[in-house]
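Just below is one structure, and these are the notes that go with it.
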Amino acid sequence: MNEQILDRAKKWANDPAIDAADRFEIQNLIDKNDSAELNERFYRDLEFGTGGLRSILGMGQNRMNKYNVRKATQALCTTIIKTFPGTKHKLAISYDSRHFSYEFAKEVASVCAGNNVEAFIYERMNPVALLSFSVRHHGAQAGVMITASHNPPKYNGYKCYWNDGAQVTPPNDDNVINAYNAIANYDQVKMLNFEEGVKKNLIHWVGADVENKYFDFIKTKNINFDLCQKRGSELKIVYTPIHGTGLIPCTRALNDLGLTNIFLVEEQTKPDGNFPTVKSPNPENPEALALAVKLLEKEKADIAMGSDPDADRMGVVIPHQGKLHYLNGNQIGTIMIHYIFSELKKKNKMPTKPYFVKTIVTTPLQDKIAAHFGVTVENTLTGFKWICGRMNEIERTQPDRTFLFGTEESFGYLNHTECRDKDGVSSVTVMAEIALYYKTMGMTVVDALDKIYEEFGFSHEVLLSLDYEGIEGSKKIGRIMEYFRKNAQSKFMNFKVERFEDYENQINTNQSLPKSNVLGLICEKNVHVYLRPSGTEPKIKFYVMLREDQGSLAEKKKNAEVKANVVLSFLKTTCDGI
């Protein structure tokens, strides 16, 4: 066994700042000489990335546990106290249905109290949107969401937010990371017993009064409120929270709007960190929506929607001409912006200097739609924190511009300004309103998408995500990036690379964007490929975007699918051999 790994494990097993049972778990691995497991748990400290922590639950330096939660919160408290001197410091907290989310949330509050930082923690689990709203509502300097989003059950995480309600961006993320890395021992963390913190008025439970303000606001952002109030019951909706936080907020938001004809997937309504009915609680995957589809077919419903555990992502299924259509994230975003922009223009409510924000890996079809309606496009790096970071920058420096929408291909959307992260709750209402609008015209959402394709051109996007866990997986992901960085600058498959974008080395990129380990291959024949390692999961992602201009719409769809499959096969084969 590696001596350095063993020394770290022994230090953990003898650390008085760690509970006896948690020390024993590691001592047991040492006694069994389980070098493989000790390697995974101690080959590094759990890294505080640009958005926070995410890892497999368990004891050890490289695992998600209460000690690393405490350490991260101490770093966050230290940073906000230093960054915002001379003020009362506050931090907002929410949590999802995962194992230990509630317990970790209370640990966050206890560390806040130990640092004389007021903590505002929801009485019940709530989605990302309500955490962001709470940060802004309470005038907090930071926020924490305990979640691993749509990861498998063995994961949990810690998402870090700043005083604008958005996930931390430079330089604040670097300051928190540096403070985290400076904590050498767990006994450096300041804590106050949770109940004592409540008694001393340092820990506050957040209840229905704050939640109500959020729901009252998002209700004002729907375009055709009167239509929903008058005819909302005509739309048959299937919804599933997939064992997460979405049940209460999403059904309330739909009911508030007048969309009351809701069928719930009863097997998935109860919050459960085991996510027993799915392999992974990710509404991007058809498998996670299988029970919703079964209910949709049984009830002959018009739309099925599902949200992930922290309800920031939304998946959609539409029945159309006897077939089920699982809309991808680009299609959902496209139908949303087209509906919002066209309805605002039709009602003469388009604001002056409107803009929307998307990521570089989101379909360029949306740029064409925005240009048609006179809406400026802002492109950012991948991740909703960059979308909201750009919103915040424009709000500060160009207050005469009006935000309309934010969207990314990974099923995240935002149609308002009171949150600064993707909002699956308001997205469910927007999508249902769109489905109702087109139903009253005798159309489905798929019909509406086809009309968009006929007017603006057909665009086809697919995502390839390859998982590589552990130490060796991390090394392989590094080799894959290096391979394409060296070998795809002028040619990809049989396509000429017309522009090679390297966001790490800032080659052929917008220089105002931060450096990021992302490559873009802009090829001939309207083939675009982007690749990047995930910032929160042990995987590398390839974003393939194609445009077809020849033939009928049916022919374009078929040709694009064939071409996409060839590209995906090439990528898989190439990565297997690296």
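Labels used: A, B, ... for chains in the order of the structure tokens, numbers from 1 for residues in each chain, and numbers from 1 for ligands as shown.
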Just want the 9 Å neighbourhood of region 509-519 of chain A, counted on only C-alpha atoms, with same-chain residues fewer than 3 positions away dropped. Output as a list in words.
Pro170, Thr380, Leu381, Thr382, Met481, Phe484, Arg485, Phe500, Glu501, Asp502, Tyr503, Glu504, Asn505, Gln506, Val529, Tyr530, Leu531, Arg532 and Pro533 of chain A
Name all residues at most 7 Å from region 138-143 of chain A (count only C-alpha atoms; drop same-chain ones fewer than 4 positions away) and give them as a PDB file with N, CA and C atoms, in the first residue's frame.
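As written to disk, selection31.pdb reads:
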ATOM      1  N   ILE A  80     -16.749  35.362   3.286  1.00  0.00           N
ATOM      2  CA  ILE A  80     -17.740  36.447   3.272  1.00  0.00           C
ATOM      3  C   ILE A  80     -17.455  37.468   4.381  1.00  0.00           C
ATOM      4  N   HIS A  89     -23.454  39.458   8.850  1.00  0.00           N
ATOM      5  CA  HIS A  89     -23.294  38.435   7.815  1.00  0.00           C
ATOM      6  C   HIS A  89     -24.397  37.392   7.896  1.00  0.00           C
ATOM      7  N   LYS A  90     -24.886  37.001   6.704  1.00  0.00           N
ATOM      8  CA  LYS A  90     -25.995  36.051   6.612  1.00  0.00           C
ATOM      9  C   LYS A  90     -25.696  35.012   5.526  1.00  0.00           C
ATOM     10  N   LEU A  91     -26.277  33.820   5.714  1.00  0.00           N
ATOM     11  CA  LEU A  91     -26.114  32.751   4.734  1.00  0.00           C
ATOM     12  C   LEU A  91     -27.412  31.963   4.648  1.00  0.00           C
ATOM     13  N   ALA A  92     -27.899  31.736   3.424  1.00  0.00           N
ATOM     14  CA  ALA A  92     -29.142  30.992   3.192  1.00  0.00           C
ATOM     15  C   ALA A  92     -28.823  29.531   2.872  1.00  0.00           C
ATOM     16  N   ILE A  93     -29.715  28.632   3.305  1.00  0.00           N
ATOM     17  CA  ILE A  93     -29.460  27.191   3.171  1.00  0.00           C
ATOM     18  C   ILE A  93     -30.722  26.481   2.688  1.00  0.00           C
ATOM     19  N   SER A 134     -34.033  32.791  -1.666  1.00  0.00           N
ATOM     20  CA  SER A 134     -33.805  33.066  -0.245  1.00  0.00           C
ATOM     21  C   SER A 134     -32.564  33.934  -0.044  1.00  0.00           C
ATOM     22  N   CYS A 160     -22.334  26.152  -3.872  1.00  0.00           N
ATOM     23  CA  CYS A 160     -22.027  27.408  -3.190  1.00  0.00           C
ATOM     24  C   CYS A 160     -22.511  28.606  -4.018  1.00  0.00           C
ATOM     25  N   TYR A 161     -23.238  29.511  -3.367  1.00  0.00           N
ATOM     26  CA  TYR A 161     -23.829  30.677  -4.028  1.00  0.00           C
ATOM     27  C   TYR A 161     -23.310  31.966  -3.396  1.00  0.00           C
ATOM     28  N   TRP A 162     -23.342  33.059  -4.188  1.00  0.00           N
ATOM     29  CA  TRP A 162     -22.862  34.353  -3.713  1.00  0.00           C
ATOM     30  C   TRP A 162     -24.051  35.283  -3.441  1.00  0.00           C
ATOM     31  N   ASN A 163     -23.791  36.516  -3.092  1.00  0.00           N
ATOM     32  CA  ASN A 163     -24.855  37.403  -2.615  1.00  0.00           C
ATOM     33  C   ASN A 163     -25.858  37.811  -3.683  1.00  0.00           C
TER      34      ASN A 163
END
DSSP on the backbone, helix (DSSP H, G or I) only: what residues of region 147-343 of chain A does that give? Format it as a PyMOL selection string.
chain A and resi 172-181+186-188+194-199+208-221+225-234+247-257+266-268+286-299+329-343
Just write the chosen residues, C-alpha atoms, as a PDB file, in the first residue's frame.
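Result saved to part_17.pdb:
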ATOM      1  CA  ASN A 172     -15.093  34.876  -5.272  1.00  0.00           C
ATOM      2  CA  ASP A 173     -14.852  31.169  -6.083  1.00  0.00           C
ATOM      3  CA  ASP A 174     -11.049  31.348  -5.985  1.00  0.00           C
ATOM      4  CA  ASN A 175     -11.186  33.088  -2.608  1.00  0.00           C
ATOM      5  CA  VAL A 176     -13.420  30.372  -1.160  1.00  0.00           C
ATOM      6  CA  ILE A 177     -11.257  27.615  -2.664  1.00  0.00           C
ATOM      7  CA  ASN A 178      -8.099  29.176  -1.211  1.00  0.00           C
ATOM      8  CA  ALA A 179      -9.736  29.454   2.211  1.00  0.00           C
ATOM      9  CA  TYR A 180     -10.829  25.808   1.961  1.00  0.00           C
ATOM     10  CA  ASN A 181      -7.357  24.621   1.006  1.00  0.00           C
ATOM     11  CA  TYR A 186     -10.947  19.654  10.933  1.00  0.00           C
ATOM     12  CA  ASP A 187     -10.503  21.073  14.440  1.00  0.00           C
ATOM     13  CA  GLN A 188      -9.940  24.504  12.866  1.00  0.00           C
ATOM     14  CA  PHE A 194     -27.604  23.675  16.259  1.00  0.00           C
ATOM     15  CA  GLU A 195     -30.200  24.043  19.018  1.00  0.00           C
ATOM     16  CA  GLU A 196     -27.989  26.568  20.795  1.00  0.00           C
ATOM     17  CA  GLY A 197     -27.706  28.510  17.551  1.00  0.00           C
ATOM     18  CA  VAL A 198     -31.503  28.652  17.282  1.00  0.00           C
ATOM     19  CA  LYS A 199     -31.780  29.882  20.885  1.00  0.00           C
ATOM     20  CA  ALA A 208     -44.191  29.607   4.012  1.00  0.00           C
ATOM     21  CA  ASP A 209     -43.939  33.404   4.100  1.00  0.00           C
ATOM     22  CA  VAL A 210     -40.774  33.397   1.976  1.00  0.00           C
ATOM     23  CA  GLU A 211     -42.023  30.589  -0.248  1.00  0.00           C
ATOM     24  CA  ASN A 212     -45.231  32.525  -0.929  1.00  0.00           C
ATOM     25  CA  LYS A 213     -43.291  35.553  -2.160  1.00  0.00           C
ATOM     26  CA  TYR A 214     -41.486  33.363  -4.677  1.00  0.00           C
ATOM     27  CA  PHE A 215     -44.721  31.819  -6.002  1.00  0.00           C
ATOM     28  CA  ASP A 216     -46.440  35.198  -6.168  1.00  0.00           C
ATOM     29  CA  PHE A 217     -43.596  36.501  -8.319  1.00  0.00           C
ATOM     30  CA  ILE A 218     -43.198  33.665 -10.826  1.00  0.00           C
ATOM     31  CA  LYS A 219     -46.939  33.756 -11.479  1.00  0.00           C
ATOM     32  CA  THR A 220     -46.472  37.243 -12.948  1.00  0.00           C
ATOM     33  CA  LYS A 221     -43.963  36.011 -15.549  1.00  0.00           C
ATOM     34  CA  PHE A 225     -52.061  34.107 -17.703  1.00  0.00           C
ATOM     35  CA  ASP A 226     -55.692  34.727 -18.677  1.00  0.00           C
ATOM     36  CA  LEU A 227     -55.674  31.803 -21.116  1.00  0.00           C
ATOM     37  CA  CYS A 228     -54.354  29.516 -18.373  1.00  0.00           C
ATOM     38  CA  GLN A 229     -56.981  30.722 -15.896  1.00  0.00           C
ATOM     39  CA  LYS A 230     -59.848  30.231 -18.352  1.00  0.00           C
ATOM     40  CA  ARG A 231     -58.830  27.050 -20.144  1.00  0.00           C
ATOM     41  CA  GLY A 232     -56.053  25.553 -18.015  1.00  0.00           C
ATOM     42  CA  SER A 233     -58.091  22.510 -17.025  1.00  0.00           C
ATOM     43  CA  GLU A 234     -58.240  21.445 -20.689  1.00  0.00           C
ATOM     44  CA  LEU A 247     -43.724  17.777  -5.776  1.00  0.00           C
ATOM     45  CA  ILE A 248     -44.997  20.628  -3.587  1.00  0.00           C
ATOM     46  CA  PRO A 249     -43.521  23.597  -5.483  1.00  0.00           C
ATOM     47  CA  CYS A 250     -44.230  22.361  -9.016  1.00  0.00           C
ATOM     48  CA  THR A 251     -47.823  21.300  -8.362  1.00  0.00           C
ATOM     49  CA  ARG A 252     -48.485  24.531  -6.474  1.00  0.00           C
ATOM     50  CA  ALA A 253     -47.053  26.660  -9.293  1.00  0.00           C
ATOM     51  CA  LEU A 254     -49.196  24.832 -11.870  1.00  0.00           C
ATOM     52  CA  ASN A 255     -52.331  25.162  -9.737  1.00  0.00           C
ATOM     53  CA  ASP A 256     -51.661  28.862  -9.098  1.00  0.00           C
ATOM     54  CA  LEU A 257     -51.621  29.395 -12.844  1.00  0.00           C
ATOM     55  CA  GLU A 266     -47.582   8.136  -7.264  1.00  0.00           C
ATOM     56  CA  GLU A 267     -44.649   5.696  -7.135  1.00  0.00           C
ATOM     57  CA  GLN A 268     -42.240   8.659  -7.371  1.00  0.00           C
ATOM     58  CA  PRO A 286     -35.920   8.504 -20.993  1.00  0.00           C
ATOM     59  CA  GLU A 287     -35.517   5.715 -18.412  1.00  0.00           C
ATOM     60  CA  ALA A 288     -36.138   8.162 -15.550  1.00  0.00           C
ATOM     61  CA  LEU A 289     -39.443   9.183 -17.164  1.00  0.00           C
ATOM     62  CA  ALA A 290     -40.681   5.639 -17.884  1.00  0.00           C
ATOM     63  CA  LEU A 291     -43.373   5.668 -15.195  1.00  0.00           C
ATOM     64  CA  ALA A 292     -44.496   9.141 -16.257  1.00  0.00           C
ATOM     65  CA  VAL A 293     -44.853   7.911 -19.835  1.00  0.00           C
ATOM     66  CA  LYS A 294     -46.829   4.886 -18.665  1.00  0.00           C
ATOM     67  CA  LEU A 295     -49.252   7.193 -16.860  1.00  0.00           C
ATOM     68  CA  LEU A 296     -49.365   9.590 -19.837  1.00  0.00           C
ATOM     69  CA  GLU A 297     -50.461   6.753 -22.105  1.00  0.00           C
ATOM     70  CA  LYS A 298     -52.998   5.465 -19.582  1.00  0.00           C
ATOM     71  CA  GLU A 299     -54.636   8.877 -19.096  1.00  0.00           C
ATOM     72  CA  GLY A 329     -32.726  20.280 -23.812  1.00  0.00           C
ATOM     73  CA  ASN A 330     -32.090  22.276 -26.968  1.00  0.00           C
ATOM     74  CA  GLN A 331     -35.597  21.638 -28.255  1.00  0.00           C
ATOM     75  CA  ILE A 332     -37.201  22.649 -24.963  1.00  0.00           C
ATOM     76  CA  GLY A 333     -35.171  25.850 -24.835  1.00  0.00           C
ATOM     77  CA  THR A 334     -35.931  26.579 -28.485  1.00  0.00           C
ATOM     78  CA  ILE A 335     -39.694  26.211 -28.130  1.00  0.00           C
ATOM     79  CA  MET A 336     -39.593  28.342 -24.972  1.00  0.00           C
ATOM     80  CA  ILE A 337     -37.689  31.284 -26.447  1.00  0.00           C
ATOM     81  CA  HIS A 338     -39.734  31.223 -29.652  1.00  0.00           C
ATOM     82  CA  TYR A 339     -42.985  31.274 -27.694  1.00  0.00           C
ATOM     83  CA  ILE A 340     -41.881  34.018 -25.299  1.00  0.00           C
ATOM     84  CA  PHE A 341     -40.329  36.239 -27.965  1.00  0.00           C
ATOM     85  CA  SER A 342     -43.174  35.832 -30.464  1.00  0.00           C
ATOM     86  CA  GLU A 343     -45.911  36.413 -27.853  1.00  0.00           C
TER      87      GLU A 343
END
Closest of A:Ile81, A:Leu404, A:Met59, A:Ala448 to Met391 (chain A), counting only C-alpha atoms, is A:Leu404
Identify, on the basis of only C-alpha atoms, every residue whose closest approach to region 43-58 of chain A does not exceed 6 Å; exclude the query and any residue fewer than 3 positions from it along the same chain; express the result as a list in words.
Asn39, Glu40, Gln61, Asn62, Arg63, Met64, Asn65, Lys154, Tyr155, Asn156, Gly157, Tyr158, Lys159, Cys160, Asp173 and Ile177 of chain A
Extract, using only C-alpha atoms, all DNA, RNA and protein residues at most 8 Å from Gly246 (chain A), discarding same-chain residues fewer than 6 positions from it, and format them as JSON, numbers by chain.
{"A": [126, 127, 240, 307, 308, 309, 310, 311, 425]}
Produce a file of the selected residues containing C-alpha atoms, as a CSV table (one decimal), in the first residue's frame.
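Writing the result to out-v3.csv gives the following:
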chain,number,residue,atom,x,y,z
A,126,ASN,CA,-36.8,23.0,-1.3
A,127,PRO,CA,-35.4,23.3,-4.9
A,240,THR,CA,-43.2,13.4,-11.5
A,307,SER,CA,-37.8,17.2,-12.4
A,308,ASP,CA,-34.5,16.0,-10.8
A,309,PRO,CA,-33.9,15.8,-7.0
A,310,ASP,CA,-33.2,19.6,-6.6
A,311,ALA,CA,-35.8,20.5,-9.2
A,425,VAL,CA,-40.4,25.1,-11.0
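Remark: for Thr73 (chain A), the closest of the candidate residues A:His137, A:Lys300, A:His150, A:Lys190 is A:Lys190 (distances computed over only C-alpha atoms).
The interatomic distance for the pair CA of Ala109 (chain A) and CA of Ser132 (chain A) works out to 16.5 Å.
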Residue contacts of Leu463 (chain A) (8 Å, only C-alpha atoms) excluding same-chain residues fewer than 5 positions away, as a PyMOL selection string
chain A and resi 541-544
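Of the listed residues (A:Gly244, A:Pro85, A:Gly520, A:Gly478), A:Gly244 comes nearest to Ser280 (chain A); the distances count only C-alpha atoms.
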May I ask for the distance between CA of Ser101 (chain A) and CA of Thr147 (chain A), given in Å to one decimal place?
6.8 Å
Applying 10 Å and only C-alpha atoms, which residues near Lys106 (chain A) remain after dropping the ones on its own chain fewer than 5 positions away? List them as a PyMOL selection string.
chain A and resi 66+93-95+100-101+111-112+119+121+193-195+203
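For the residues A:Tyr483, A:Met545, A:Leu130, A:Met145, ranking by smallest atom-to-atom distance to Gly577 (chain A) using only C-alpha atoms places A:Tyr483 first.
Excluding Thr444 (chain A) itself and same-chain residues fewer than 2 positions from it, the residues having an atom within 9 Å of it are Asp302, Ile318, Pro319, His320, Ala435, Leu436, Tyr438, Lys439, Met441, Gly442, Val446, Asp447, Ala448 and Leu449 of chain A, counting only C-alpha atoms.
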So which residues of region 28-228 of chain A fall under strand (DSSP E or B) by DSSP, listed as number ranges by chain?
A: 52-57, 64, 90-95, 118-122, 142-146, 155-162, 166-167, 203-206
